[in-house]
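This is coords-v2.cif. It holds mmCIF, C-alpha atoms and all ligand atoms.
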```
data_my_file
#
loop_
_atom_site.label_atom_id
_atom_site.label_comp_id
_atom_site.auth_asym_id
_atom_site.auth_seq_id
_atom_site.Cartn_x
_atom_site.Cartn_y
_atom_site.Cartn_z
CA VAL A 1 -16.07 26.61 1.30
CA ASP A 2 -19.39 25.22 0.04
CA ARG A 3 -17.49 22.46 -1.76
CA LEU A 4 -16.66 20.95 1.63
CA THR A 5 -19.11 19.16 3.92
CA PHE A 6 -17.71 17.95 7.21
CA ASP A 7 -19.82 15.35 8.94
CA VAL A 8 -18.86 14.31 12.47
CA GLN A 9 -20.32 10.96 13.50
CA VAL A 10 -18.09 10.45 16.53
CA THR A 11 -17.15 13.31 18.78
CA ASN A 12 -13.86 13.21 20.66
CA ALA A 13 -15.80 12.60 23.88
CA GLN A 14 -17.60 9.58 22.40
CA ALA A 15 -14.35 8.25 20.98
CA ALA A 16 -12.73 8.59 24.42
CA THR A 17 -15.50 6.54 26.03
CA ILE A 18 -15.26 3.79 23.44
CA PHE A 19 -11.47 3.75 23.83
CA MET A 20 -11.87 3.26 27.61
CA GLU A 21 -14.31 0.40 27.12
CA ASP A 22 -12.11 -1.30 24.53
CA VAL A 23 -8.94 -1.04 26.64
CA HIS A 24 -10.81 -2.29 29.68
CA ALA A 25 -12.20 -5.30 27.82
CA GLY A 26 -8.74 -6.15 26.48
CA MET A 27 -6.96 -5.83 29.82
CA VAL A 28 -9.39 -7.94 31.88
CA SER A 29 -9.61 -10.68 29.25
CA SER A 30 -7.92 -14.01 30.08
CA ARG A 31 -6.04 -13.57 26.79
CA LYS A 32 -5.15 -9.90 26.80
CA PHE A 33 -5.62 -7.90 23.62
CA LEU A 34 -5.75 -4.34 22.25
CA LEU A 35 -7.40 -3.22 19.01
CA PRO A 36 -5.01 -2.22 16.19
CA LYS A 37 -7.03 0.89 15.36
CA TYR A 38 -5.50 2.43 18.50
CA PHE A 39 -1.96 2.38 17.10
CA TYR A 40 -2.61 5.52 15.13
CA ASP A 41 -2.18 8.59 17.31
CA ALA A 42 0.16 11.27 15.89
CA ASP A 43 3.30 9.31 16.86
CA GLY A 44 1.83 6.00 15.71
CA SER A 45 0.81 7.45 12.35
CA GLU A 46 4.32 8.81 11.91
CA LEU A 47 5.80 5.41 12.79
CA PHE A 48 3.46 3.75 10.30
CA GLU A 49 4.64 6.18 7.60
CA LYS A 50 8.20 5.10 8.42
CA ILE A 51 7.16 1.45 8.17
CA THR A 52 5.87 2.03 4.65
CA GLU A 53 9.36 3.20 3.67
CA LEU A 54 11.22 0.21 5.15
CA PRO A 55 12.97 -2.12 2.69
CA GLU A 56 11.29 -5.14 4.35
CA TYR A 57 7.77 -3.72 4.33
CA TYR A 58 6.64 -4.31 0.75
CA PRO A 59 2.80 -3.94 0.98
CA SER A 60 2.44 -0.15 0.65
CA ARG A 61 5.10 0.13 -2.03
CA VAL A 62 3.75 -2.75 -4.09
CA GLU A 63 0.14 -1.61 -3.81
CA THR A 64 0.99 1.94 -4.87
CA LYS A 65 2.98 0.70 -7.86
CA LEU A 66 0.23 -1.74 -8.82
CA LEU A 67 -2.44 0.93 -8.55
CA ALA A 68 -0.37 3.31 -10.67
CA SER A 69 0.01 0.66 -13.36
CA ILE A 70 -3.70 -0.20 -13.56
CA VAL A 71 -5.34 3.13 -12.84
CA ASP A 72 -5.95 4.13 -16.47
CA ASP A 73 -7.50 0.77 -17.31
CA LEU A 74 -9.52 0.90 -14.12
CA VAL A 75 -10.88 4.38 -14.65
CA ALA A 76 -11.72 3.61 -18.29
CA ARG A 77 -13.84 0.70 -17.04
CA ILE A 78 -15.55 2.29 -14.07
CA GLN A 79 -15.69 6.03 -14.87
CA PRO A 80 -16.56 6.95 -11.31
CA LYS A 81 -18.77 9.91 -10.57
CA GLU A 82 -18.00 9.63 -6.90
CA ILE A 83 -15.44 7.86 -4.77
CA VAL A 84 -16.15 6.73 -1.22
CA GLU A 85 -13.01 5.80 0.71
CA LEU A 86 -12.97 3.85 3.96
CA GLY A 87 -10.05 4.64 6.26
CA SER A 88 -8.91 7.35 3.90
CA GLY A 89 -6.09 8.74 6.08
CA SER A 90 -3.88 11.04 4.03
CA SER A 91 -5.49 9.82 0.76
CA SER A 92 -2.05 9.48 -0.83
CA LYS A 93 -2.84 6.45 -3.05
CA THR A 94 -6.27 7.88 -3.76
CA GLN A 95 -4.70 10.74 -5.67
CA LEU A 96 -3.70 8.32 -8.41
CA LEU A 97 -7.41 7.69 -8.90
CA LEU A 98 -8.43 11.31 -8.47
CA ASN A 99 -5.94 12.33 -11.15
CA ALA A 100 -7.06 9.68 -13.60
CA SER A 101 -10.80 10.27 -13.03
CA GLN A 102 -10.82 14.04 -13.37
CA SER A 103 -13.24 14.11 -16.30
CA SER A 104 -15.97 12.02 -14.65
CA LEU A 105 -15.45 12.59 -10.94
CA LYS A 106 -17.71 15.02 -9.07
CA ARG A 107 -17.46 14.06 -5.42
CA TYR A 108 -15.03 12.43 -2.98
CA ILE A 109 -16.33 10.99 0.30
CA PRO A 110 -13.46 10.14 2.69
CA LEU A 111 -14.35 8.38 5.94
CA ASP A 112 -11.79 8.21 8.71
CA VAL A 113 -11.61 8.40 12.51
CA SER A 114 -8.99 11.10 12.53
CA SER A 115 -10.61 14.53 12.05
CA SER A 116 -7.29 16.38 11.90
CA ILE A 117 -5.91 14.25 9.07
CA VAL A 118 -9.17 14.28 7.10
CA ASN A 119 -9.48 18.03 7.53
CA SER A 120 -6.02 18.89 6.27
CA THR A 121 -6.27 16.36 3.44
CA ALA A 122 -9.67 17.71 2.33
CA LYS A 123 -8.35 21.26 2.15
CA ARG A 124 -5.35 20.19 0.10
CA LEU A 125 -7.53 18.20 -2.31
CA LEU A 126 -10.05 21.03 -2.73
CA SER A 127 -7.37 23.37 -3.96
CA LYS A 128 -5.78 20.73 -6.17
CA TYR A 129 -9.06 19.60 -7.78
CA PRO A 130 -11.24 22.67 -8.44
CA GLN A 131 -14.12 20.60 -9.93
CA LEU A 132 -14.34 18.28 -6.94
CA SER A 133 -16.61 18.57 -3.93
CA ILE A 134 -15.77 16.69 -0.75
CA HIS A 135 -18.12 15.22 1.81
CA ALA A 136 -15.83 14.14 4.65
CA ILE A 137 -17.16 11.85 7.35
CA ILE A 138 -15.42 11.48 10.69
CA GLY A 139 -16.37 8.04 11.84
CA ASP A 140 -15.54 4.36 12.17
CA PHE A 141 -15.99 2.31 9.00
CA GLU A 142 -17.28 -0.59 11.07
CA GLN A 143 -20.10 1.53 12.46
CA HIS A 144 -20.94 4.49 10.29
CA LEU A 145 -21.32 3.34 6.70
CA ALA A 146 -25.04 4.11 6.94
CA MET A 147 -24.12 7.79 7.32
CA ILE A 148 -22.70 7.97 3.81
CA PRO A 149 -24.93 10.30 1.77
CA PRO A 150 -27.12 9.02 -1.08
CA SER A 151 -25.21 8.36 -4.26
CA ILE A 152 -25.06 10.96 -7.03
CA GLY A 153 -24.19 8.32 -9.67
CA ARG A 154 -21.58 5.66 -10.52
CA ARG A 155 -20.02 5.12 -7.14
CA THR A 156 -16.69 3.48 -6.39
CA VAL A 157 -16.00 2.34 -2.84
CA LEU A 158 -12.28 2.22 -2.09
CA PHE A 159 -10.83 0.10 0.65
CA LEU A 160 -7.08 -0.02 0.17
CA GLY A 161 -3.98 -0.82 2.16
CA SER A 162 -5.09 -4.30 3.21
CA THR A 163 -6.87 -2.67 6.13
CA LEU A 164 -9.52 -5.38 5.72
CA GLY A 165 -6.77 -7.78 6.82
CA ASN A 166 -6.93 -6.37 10.34
CA LEU A 167 -10.44 -7.77 10.78
CA ASN A 168 -11.31 -11.35 11.65
CA GLU A 169 -13.53 -13.40 9.36
CA THR A 170 -16.81 -12.41 11.02
CA SER A 171 -16.00 -8.69 11.04
CA ARG A 172 -14.80 -8.84 7.45
CA LEU A 173 -18.02 -10.39 6.22
CA ASN A 174 -20.00 -7.93 8.28
CA LEU A 175 -18.18 -4.97 6.80
CA LEU A 176 -18.50 -6.27 3.24
CA GLN A 177 -22.23 -6.73 3.78
CA GLU A 178 -22.47 -3.13 4.98
CA ILE A 179 -20.52 -2.01 1.91
CA ARG A 180 -22.95 -3.98 -0.26
CA LYS A 181 -25.78 -1.79 1.08
CA ILE A 182 -24.23 1.41 -0.25
CA VAL A 183 -23.66 0.20 -3.82
CA VAL A 184 -26.00 -0.69 -6.69
CA PRO A 185 -25.39 -2.47 -10.02
CA GLY A 186 -23.02 -0.35 -12.07
CA ASP A 187 -21.10 0.75 -8.98
CA CYS A 188 -17.97 -1.01 -7.84
CA VAL A 189 -15.85 -1.85 -4.85
CA LEU A 190 -12.05 -1.70 -5.03
CA LEU A 191 -10.32 -3.80 -2.41
CA GLY A 192 -6.56 -3.92 -1.79
CA VAL A 193 -5.31 -7.09 -0.08
CA ASP A 194 -1.94 -8.46 0.89
CA LEU A 195 -1.40 -11.98 -0.47
CA VAL A 196 -0.22 -15.25 1.05
CA LYS A 197 3.45 -15.78 0.23
CA GLU A 198 6.71 -17.22 1.50
CA VAL A 199 6.75 -17.12 5.32
CA ARG A 200 10.20 -15.54 5.46
CA ILE A 201 9.08 -12.53 3.43
CA LEU A 202 5.95 -12.08 5.53
CA GLU A 203 7.79 -12.32 8.83
CA GLU A 204 10.58 -9.96 7.80
CA ALA A 205 7.98 -7.34 6.86
CA TYR A 206 6.84 -7.30 10.50
CA ASN A 207 10.30 -7.72 12.06
CA ASP A 208 12.33 -5.02 10.36
CA SER A 209 16.01 -4.70 11.18
CA GLN A 210 15.66 -1.08 12.37
CA GLY A 211 13.02 -1.94 14.95
CA VAL A 212 10.47 0.53 13.59
CA THR A 213 7.67 -2.05 13.71
CA ALA A 214 8.61 -2.89 17.30
CA ALA A 215 8.38 0.80 18.22
CA PHE A 216 5.05 1.04 16.38
CA ASN A 217 3.75 -1.95 18.31
CA ARG A 218 4.89 -0.60 21.69
CA ASN A 219 3.45 2.82 20.91
CA ILE A 220 -0.03 1.46 21.59
CA LEU A 221 1.04 1.32 25.26
CA ALA A 222 2.12 4.96 25.08
CA VAL A 223 -1.32 5.80 23.72
CA ILE A 224 -2.86 4.22 26.84
CA ASN A 225 -0.34 5.94 29.12
CA LYS A 226 -1.23 9.31 27.63
CA ASN A 227 -4.99 8.99 27.41
CA LEU A 228 -5.75 6.88 30.48
CA GLN A 229 -2.90 7.97 32.79
CA ALA A 230 -1.35 4.52 32.82
CA ASP A 231 2.23 3.58 33.70
CA PHE A 232 3.19 0.97 31.11
CA GLN A 233 6.99 0.78 30.84
CA LEU A 234 7.41 0.28 27.13
CA GLU A 235 10.82 -1.38 27.41
CA MET A 236 9.24 -4.07 29.62
CA PHE A 237 7.32 -5.44 26.62
CA ARG A 238 9.02 -7.31 23.79
CA HIS A 239 7.73 -7.07 20.21
CA ASN A 240 6.75 -10.46 18.80
CA ALA A 241 5.41 -10.92 15.27
CA PHE A 242 5.04 -14.23 13.44
CA TYR A 243 3.03 -15.83 10.67
CA ASN A 244 0.29 -18.21 11.78
CA GLU A 245 0.12 -20.44 8.72
CA GLU A 246 -3.00 -22.28 9.74
CA ARG A 247 -4.95 -19.03 10.03
CA SER A 248 -3.14 -17.17 7.22
CA ARG A 249 -2.31 -14.21 9.42
CA ILE A 250 0.57 -12.30 10.88
CA GLU A 251 0.04 -11.94 14.62
CA MET A 252 1.65 -9.10 16.53
CA HIS A 253 2.01 -9.39 20.27
CA LEU A 254 3.68 -7.53 23.12
CA ILE A 255 5.29 -9.94 25.57
CA SER A 256 5.70 -9.04 29.23
CA GLN A 257 9.33 -9.23 30.36
CA GLY A 258 8.76 -10.62 33.83
CA ASN A 259 6.09 -10.19 36.47
CA GLN A 260 4.68 -6.69 36.52
CA THR A 261 1.69 -4.69 37.61
CA VAL A 262 0.52 -1.81 35.47
CA ARG A 263 -1.72 0.87 36.92
CA ILE A 264 -4.31 2.32 34.53
CA LYS A 265 -5.54 5.25 36.57
CA GLY A 266 -8.16 6.35 34.05
CA LEU A 267 -9.84 2.95 34.41
CA ASN A 268 -9.10 2.61 38.13
CA LEU A 269 -7.56 -0.70 37.19
CA ASP A 270 -4.40 -2.61 38.13
CA VAL A 271 -3.32 -5.09 35.50
CA LEU A 272 -1.08 -8.00 36.47
CA PHE A 273 1.25 -9.56 33.92
CA ARG A 274 2.96 -12.95 34.22
CA PRO A 275 6.41 -13.42 32.67
CA GLU A 276 5.98 -14.01 28.92
CA GLU A 277 2.28 -13.16 29.05
CA SER A 278 1.13 -11.66 25.77
CA ILE A 279 -1.01 -8.72 24.74
CA TRP A 280 -2.30 -9.49 21.24
CA THR A 281 -2.23 -6.18 19.39
CA GLU A 282 -2.86 -7.02 15.74
CA SER A 283 -3.79 -9.64 13.20
CA SER A 284 -2.91 -8.98 9.60
CA TYR A 285 -4.64 -11.57 7.44
CA LYS A 286 -3.13 -12.62 4.13
CA PHE A 287 -5.32 -13.72 1.23
CA THR A 288 -5.40 -15.71 -1.97
CA ARG A 289 -7.42 -14.72 -5.00
CA ASP A 290 -9.85 -17.56 -4.25
CA ALA A 291 -10.29 -16.45 -0.64
CA VAL A 292 -11.02 -12.90 -1.78
CA GLU A 293 -13.45 -14.08 -4.46
CA ASN A 294 -15.28 -16.27 -1.90
CA MET A 295 -15.59 -13.62 0.78
CA LEU A 296 -16.83 -11.08 -1.77
CA ALA A 297 -19.36 -13.60 -3.13
CA HIS A 298 -20.66 -14.18 0.41
CA ALA A 299 -21.42 -10.48 0.61
CA ASP A 300 -23.17 -10.59 -2.76
CA LEU A 301 -20.32 -8.70 -4.40
CA PRO A 302 -19.14 -10.77 -7.37
CA LEU A 303 -15.49 -10.33 -8.35
CA VAL A 304 -15.31 -8.80 -11.82
CA GLN A 305 -11.62 -8.02 -12.12
CA TRP A 306 -8.43 -9.08 -10.34
CA TYR A 307 -5.12 -7.27 -10.56
CA THR A 308 -1.82 -8.32 -9.07
CA ASP A 309 1.83 -7.31 -9.42
CA SER A 310 4.30 -9.46 -11.36
CA GLU A 311 5.42 -11.24 -8.20
CA ALA A 312 1.85 -11.72 -6.93
CA GLN A 313 2.66 -9.99 -3.67
CA PHE A 314 -0.43 -7.81 -3.48
CA GLY A 315 -3.89 -7.93 -5.04
CA ILE A 316 -6.51 -5.39 -6.02
CA ALA A 317 -9.99 -6.82 -6.42
CA VAL A 318 -12.79 -5.10 -8.29
CA ALA A 319 -16.25 -6.28 -7.30
CA SER A 320 -19.61 -5.15 -8.58
CA PRO A 321 -23.14 -6.11 -7.49
CA GLU A 322 -25.47 -7.68 -10.08
C1 LIG B 401 -2.06 -0.82 7.82
C2 LIG B 401 -3.14 -2.79 8.47
C3 LIG B 401 -2.06 -2.70 6.38
O1 LIG B 401 -1.32 -5.00 8.66
O2 LIG B 401 0.45 -4.62 7.50
C4 LIG B 401 2.23 -2.58 9.57
C5 LIG B 401 -0.33 -2.28 9.70
N1 LIG B 401 1.24 -3.43 11.26
N2 LIG B 401 3.15 -3.17 10.35
C6 LIG B 401 -0.50 -4.23 8.17
C7 LIG B 401 1.02 -2.74 10.16
C8 LIG B 401 2.55 -3.68 11.38
C9 LIG B 401 -0.68 -2.72 8.33
N3 LIG B 401 -1.98 -2.27 7.78
#
```

What would you get if you wrote out this structure as structure tokens?
Ligand code: AVJ
Amino acid sequence: VDRLTFDVQVTNAQAATIFMEDVHAGMVSSRKFLLPKYFYDADGSELFEKITELPEYYPSRVETKLLASIVDDLVARIQPKEIVELGSGSSSKTQLLLNASQSSLKRYIPLDVSSSIVNSTAKRLLSKYPQLSIHAIIGDFEQHLAMIPPSIGRRTVLFLGSTLGNLNETSRLNLLQEIRKIVVPGDCVLLGVDLVKEVRILEEAYNDSQGVTAAFNRNILAVINKNLQADFQLEMFRHNAFYNEERSRIEMHLISQGNQTVRIKGLNLDVLFRPEESIWTESSYKFTRDAVENMLAHADLPLVQWYTDSEAQFGIAVASPE
């Protein structure tokens, strides 16, 4: 259809090379690590969907409910002509905005690394919203924001799901500064962030009783097994997630159960693990309103509106350049 533009910034071959480099760097590091973006193969995405339905995992549920409750107010204020979404995935929360913006909205620009998900989502949205055109970009939001086409008018950049919380402070500021370059006064940025709260609630959200989060965490090893012909034994790594209060972040680790050597054939690499040695797989930073306001201000994106649920579990920030 001519209402769909499909823009591939990373081919599968390029993505495979970057994956190899990232796994290599993480496995030869003195403190081993893997990047959380690699959780999300087909199995990992399915496990994450299951996480969002867990009683302990409040963020997705609370954000969706919050967004639903503010969307009319939001759209009345911002009347977006186009929506750019970073890490759009299945665009499920986005539909609340698409529905409410139907009179003003002309174009949707989803950016995501997964071409299959973006492709199927785009087709579904095209048939559901006959006035909408879609310019999908397959890429990494930390690298390809410059590839977003010139604006056609009042732009809203969406970054939901507390995905920003997976980035450390430097990367966060970097990304926000890149976002700043694709908006002008009158546009806005909508940022969903998980908030600092009681440690017990935070830790339970990442240590669910059914072990889904543990399976999600271990799945990153299966991703390496599959794509780099490695022989990680998943049951030889224990899921460990805890709140680091000093740094305001949940840390997820995989802890080696004993001495072991893992062969990663695709990297021609043997990796030795000591008993209790950790692979750091994810940080999930938690924010306060002040922290969000400060980081946005540093990127020259003043906070203009702040929404939160009645229990202040999750926040949605609206920022707009001056
Ligand atoms: C998708 C990044 C928001 O950090 O809470 C869920 C991913 N990790 N359980 C998060 C995740 C473990 C999630 N984000």

Could you please extract the residues within 10 Å of ligand LIG 401 (chain B), counting only C-alpha atoms and all ligand atoms, and hand them back as an NGL selection string?
:A and (36-37 or 39-40 or 45 or 47-52 or 57-60 or 87 or 160-167 or 192-194 or 202 or 205-208 or 212-214 or 216-217 or 241 or 249-252 or 281-286)

Return the single residue from A:Val28, A:Leu67, A:Val75, A:Ala222 that is closest to Ser104 (chain A), with distances computed using all atoms listed in the file.
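Of A:Val28, A:Leu67, A:Val75, A:Ala222, the one nearest Ser104 (chain A), counting all atoms listed in the file, is A:Val75.
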
With distances taken over only C-alpha atoms, which residue among A:Gln210, A:Thr94, A:Asn227, A:Ser88 lies nearest Asn12 (chain A)?
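Nearest to Asn12 (chain A): A:Asn227.
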
Can you tell me how far CA of Pro110 (chain A) sits from CA of Gln143 (chain A), in Å to one decimal?
14.6 Å

Using all atoms listed in the file and a cutoff of 12 Å, can you tell me which residues are near (-1.0, -9.7, -9.6) in the file's coordinates, and write them out as number ranges by chain?
A: 62-63, 65-67, 69-70, 192-195, 288-289, 305-317

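Of the residues listed (A:Ile264, A:Val113, A:Leu301, A:Ile138), A:Leu301 shows the shortest atom-to-atom separation from Val157 (chain A); distances use all atoms listed in the file.
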
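CA of Asp43 (chain A) is found 17.1 Å from CA of Ser120 (chain A).
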
Which is closer to Leu296 (chain A) than all the others in A:Ala319, A:Ala68, A:Leu34, A:Ile134, using all atoms listed in the file?
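For Leu296 (chain A), the nearest of the given residues is A:Ala319.
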
Smallest atom-to-atom distance to Val304 (chain A): which of A:Gly139, A:Gly186, A:Pro275, A:Pro80, using only C-alpha atoms?
A:Gly186

Since the input lacks some atoms of region 129-140 of chain A, please model all heavy atoms and print them as a PDB file, in the coordinates of the input.
```
ATOM      1  N   TYR A 129      -8.039  20.034  -6.830  1.00  0.00           N
ATOM      2  CA  TYR A 129      -9.060  19.600  -7.780  1.00  0.00           C
ATOM      3  C   TYR A 129     -10.255  20.543  -7.740  1.00  0.00           C
ATOM      4  O   TYR A 129     -11.222  20.304  -7.008  1.00  0.00           O
ATOM      5  CB  TYR A 129      -9.494  18.158  -7.465  1.00  0.00           C
ATOM      6  CG  TYR A 129      -8.342  17.176  -7.429  1.00  0.00           C
ATOM      7  CD1 TYR A 129      -7.722  16.836  -6.220  1.00  0.00           C
ATOM      8  CD2 TYR A 129      -7.852  16.604  -8.601  1.00  0.00           C
ATOM      9  CE1 TYR A 129      -6.660  15.946  -6.181  1.00  0.00           C
ATOM     10  CE2 TYR A 129      -6.785  15.710  -8.577  1.00  0.00           C
ATOM     11  CZ  TYR A 129      -6.191  15.385  -7.364  1.00  0.00           C
ATOM     12  OH  TYR A 129      -5.140  14.512  -7.333  1.00  0.00           O
ATOM     13  N   PRO A 130     -10.222  21.605  -8.528  1.00  0.00           N
ATOM     14  CA  PRO A 130     -11.240  22.670  -8.440  1.00  0.00           C
ATOM     15  C   PRO A 130     -12.649  22.210  -8.823  1.00  0.00           C
ATOM     16  O   PRO A 130     -13.620  22.883  -8.473  1.00  0.00           O
ATOM     17  CB  PRO A 130     -10.716  23.741  -9.406  1.00  0.00           C
ATOM     18  CG  PRO A 130      -9.666  23.098 -10.223  1.00  0.00           C
ATOM     19  CD  PRO A 130      -9.142  21.937  -9.471  1.00  0.00           C
ATOM     20  N   GLN A 131     -12.777  21.078  -9.535  1.00  0.00           N
ATOM     21  CA  GLN A 131     -14.120  20.600  -9.930  1.00  0.00           C
ATOM     22  C   GLN A 131     -14.736  19.695  -8.868  1.00  0.00           C
ATOM     23  O   GLN A 131     -15.901  19.310  -8.978  1.00  0.00           O
ATOM     24  CB  GLN A 131     -14.046  19.795 -11.245  1.00  0.00           C
ATOM     25  CG  GLN A 131     -13.277  20.448 -12.365  1.00  0.00           C
ATOM     26  CD  GLN A 131     -13.852  21.811 -12.731  1.00  0.00           C
ATOM     27  OE1 GLN A 131     -15.052  22.070 -12.532  1.00  0.00           O
ATOM     28  NE2 GLN A 131     -13.006  22.700 -13.226  1.00  0.00           N
ATOM     29  N   LEU A 132     -13.934  19.333  -7.871  1.00  0.00           N
ATOM     30  CA  LEU A 132     -14.340  18.280  -6.940  1.00  0.00           C
ATOM     31  C   LEU A 132     -15.011  18.861  -5.699  1.00  0.00           C
ATOM     32  O   LEU A 132     -14.538  19.853  -5.144  1.00  0.00           O
ATOM     33  CB  LEU A 132     -13.083  17.499  -6.522  1.00  0.00           C
ATOM     34  CG  LEU A 132     -13.267  16.169  -5.801  1.00  0.00           C
ATOM     35  CD1 LEU A 132     -13.914  15.141  -6.717  1.00  0.00           C
ATOM     36  CD2 LEU A 132     -11.910  15.663  -5.311  1.00  0.00           C
ATOM     37  N   SER A 133     -16.110  18.242  -5.261  1.00  0.00           N
ATOM     38  CA  SER A 133     -16.610  18.570  -3.930  1.00  0.00           C
ATOM     39  C   SER A 133     -16.306  17.395  -2.997  1.00  0.00           C
ATOM     40  O   SER A 133     -16.171  16.246  -3.439  1.00  0.00           O
ATOM     41  CB  SER A 133     -18.094  18.924  -3.955  1.00  0.00           C
ATOM     42  OG  SER A 133     -18.829  17.809  -4.355  1.00  0.00           O
ATOM     43  N   ILE A 134     -16.169  17.716  -1.721  1.00  0.00           N
ATOM     44  CA  ILE A 134     -15.770  16.690  -0.750  1.00  0.00           C
ATOM     45  C   ILE A 134     -16.775  16.649   0.388  1.00  0.00           C
ATOM     46  O   ILE A 134     -17.144  17.683   0.957  1.00  0.00           O
ATOM     47  CB  ILE A 134     -14.353  16.993  -0.206  1.00  0.00           C
ATOM     48  CG1 ILE A 134     -13.329  16.919  -1.350  1.00  0.00           C
ATOM     49  CG2 ILE A 134     -13.987  15.996   0.906  1.00  0.00           C
ATOM     50  CD1 ILE A 134     -11.891  17.135  -0.932  1.00  0.00           C
ATOM     51  N   HIS A 135     -17.237  15.438   0.658  1.00  0.00           N
ATOM     52  CA  HIS A 135     -18.120  15.220   1.810  1.00  0.00           C
ATOM     53  C   HIS A 135     -17.356  14.306   2.774  1.00  0.00           C
ATOM     54  O   HIS A 135     -17.357  13.083   2.615  1.00  0.00           O
ATOM     55  CB  HIS A 135     -19.430  14.581   1.347  1.00  0.00           C
ATOM     56  CG  HIS A 135     -20.445  14.457   2.431  1.00  0.00           C
ATOM     57  ND1 HIS A 135     -21.755  14.864   2.284  1.00  0.00           N
ATOM     58  CD2 HIS A 135     -20.352  13.974   3.692  1.00  0.00           C
ATOM     59  CE1 HIS A 135     -22.419  14.635   3.405  1.00  0.00           C
ATOM     60  NE2 HIS A 135     -21.593  14.083   4.275  1.00  0.00           N
ATOM     61  N   ALA A 136     -16.669  14.916   3.719  1.00  0.00           N
ATOM     62  CA  ALA A 136     -15.830  14.140   4.650  1.00  0.00           C
ATOM     63  C   ALA A 136     -16.671  13.651   5.820  1.00  0.00           C
ATOM     64  O   ALA A 136     -17.507  14.382   6.348  1.00  0.00           O
ATOM     65  CB  ALA A 136     -14.685  15.008   5.153  1.00  0.00           C
ATOM     66  N   ILE A 137     -16.440  12.405   6.205  1.00  0.00           N
ATOM     67  CA  ILE A 137     -17.160  11.850   7.350  1.00  0.00           C
ATOM     68  C   ILE A 137     -16.148  11.375   8.395  1.00  0.00           C
ATOM     69  O   ILE A 137     -15.263  10.563   8.096  1.00  0.00           O
ATOM     70  CB  ILE A 137     -18.051  10.673   6.925  1.00  0.00           C
ATOM     71  CG1 ILE A 137     -19.054  11.139   5.854  1.00  0.00           C
ATOM     72  CG2 ILE A 137     -18.798  10.085   8.130  1.00  0.00           C
ATOM     73  CD1 ILE A 137     -19.910  10.053   5.287  1.00  0.00           C
ATOM     74  N   ILE A 138     -16.266  11.931   9.595  1.00  0.00           N
ATOM     75  CA  ILE A 138     -15.420  11.480  10.690  1.00  0.00           C
ATOM     76  C   ILE A 138     -16.168  10.368  11.398  1.00  0.00           C
ATOM     77  O   ILE A 138     -17.198  10.604  12.038  1.00  0.00           O
ATOM     78  CB  ILE A 138     -15.126  12.637  11.679  1.00  0.00           C
ATOM     79  CG1 ILE A 138     -14.599  13.864  10.931  1.00  0.00           C
ATOM     80  CG2 ILE A 138     -14.140  12.176  12.756  1.00  0.00           C
ATOM     81  CD1 ILE A 138     -13.459  13.585   9.975  1.00  0.00           C
ATOM     82  N   GLY A 139     -15.658   9.163  11.250  1.00  0.00           N
ATOM     83  CA  GLY A 139     -16.370   8.040  11.840  1.00  0.00           C
ATOM     84  C   GLY A 139     -15.554   6.765  11.713  1.00  0.00           C
ATOM     85  O   GLY A 139     -14.420   6.773  11.231  1.00  0.00           O
ATOM     86  N   ASP A 140     -16.170   5.676  12.152  1.00  0.00           N
ATOM     87  CA  ASP A 140     -15.540   4.360  12.170  1.00  0.00           C
ATOM     88  C   ASP A 140     -16.203   3.537  11.051  1.00  0.00           C
ATOM     89  O   ASP A 140     -17.419   3.412  11.015  1.00  0.00           O
ATOM     90  CB  ASP A 140     -15.822   3.736  13.559  1.00  0.00           C
ATOM     91  CG  ASP A 140     -15.130   2.400  13.747  1.00  0.00           C
ATOM     92  OD1 ASP A 140     -14.955   1.661  12.752  1.00  0.00           O
ATOM     93  OD2 ASP A 140     -14.772   2.089  14.895  1.00  0.00           O
TER      94      ASP A 140
END
```
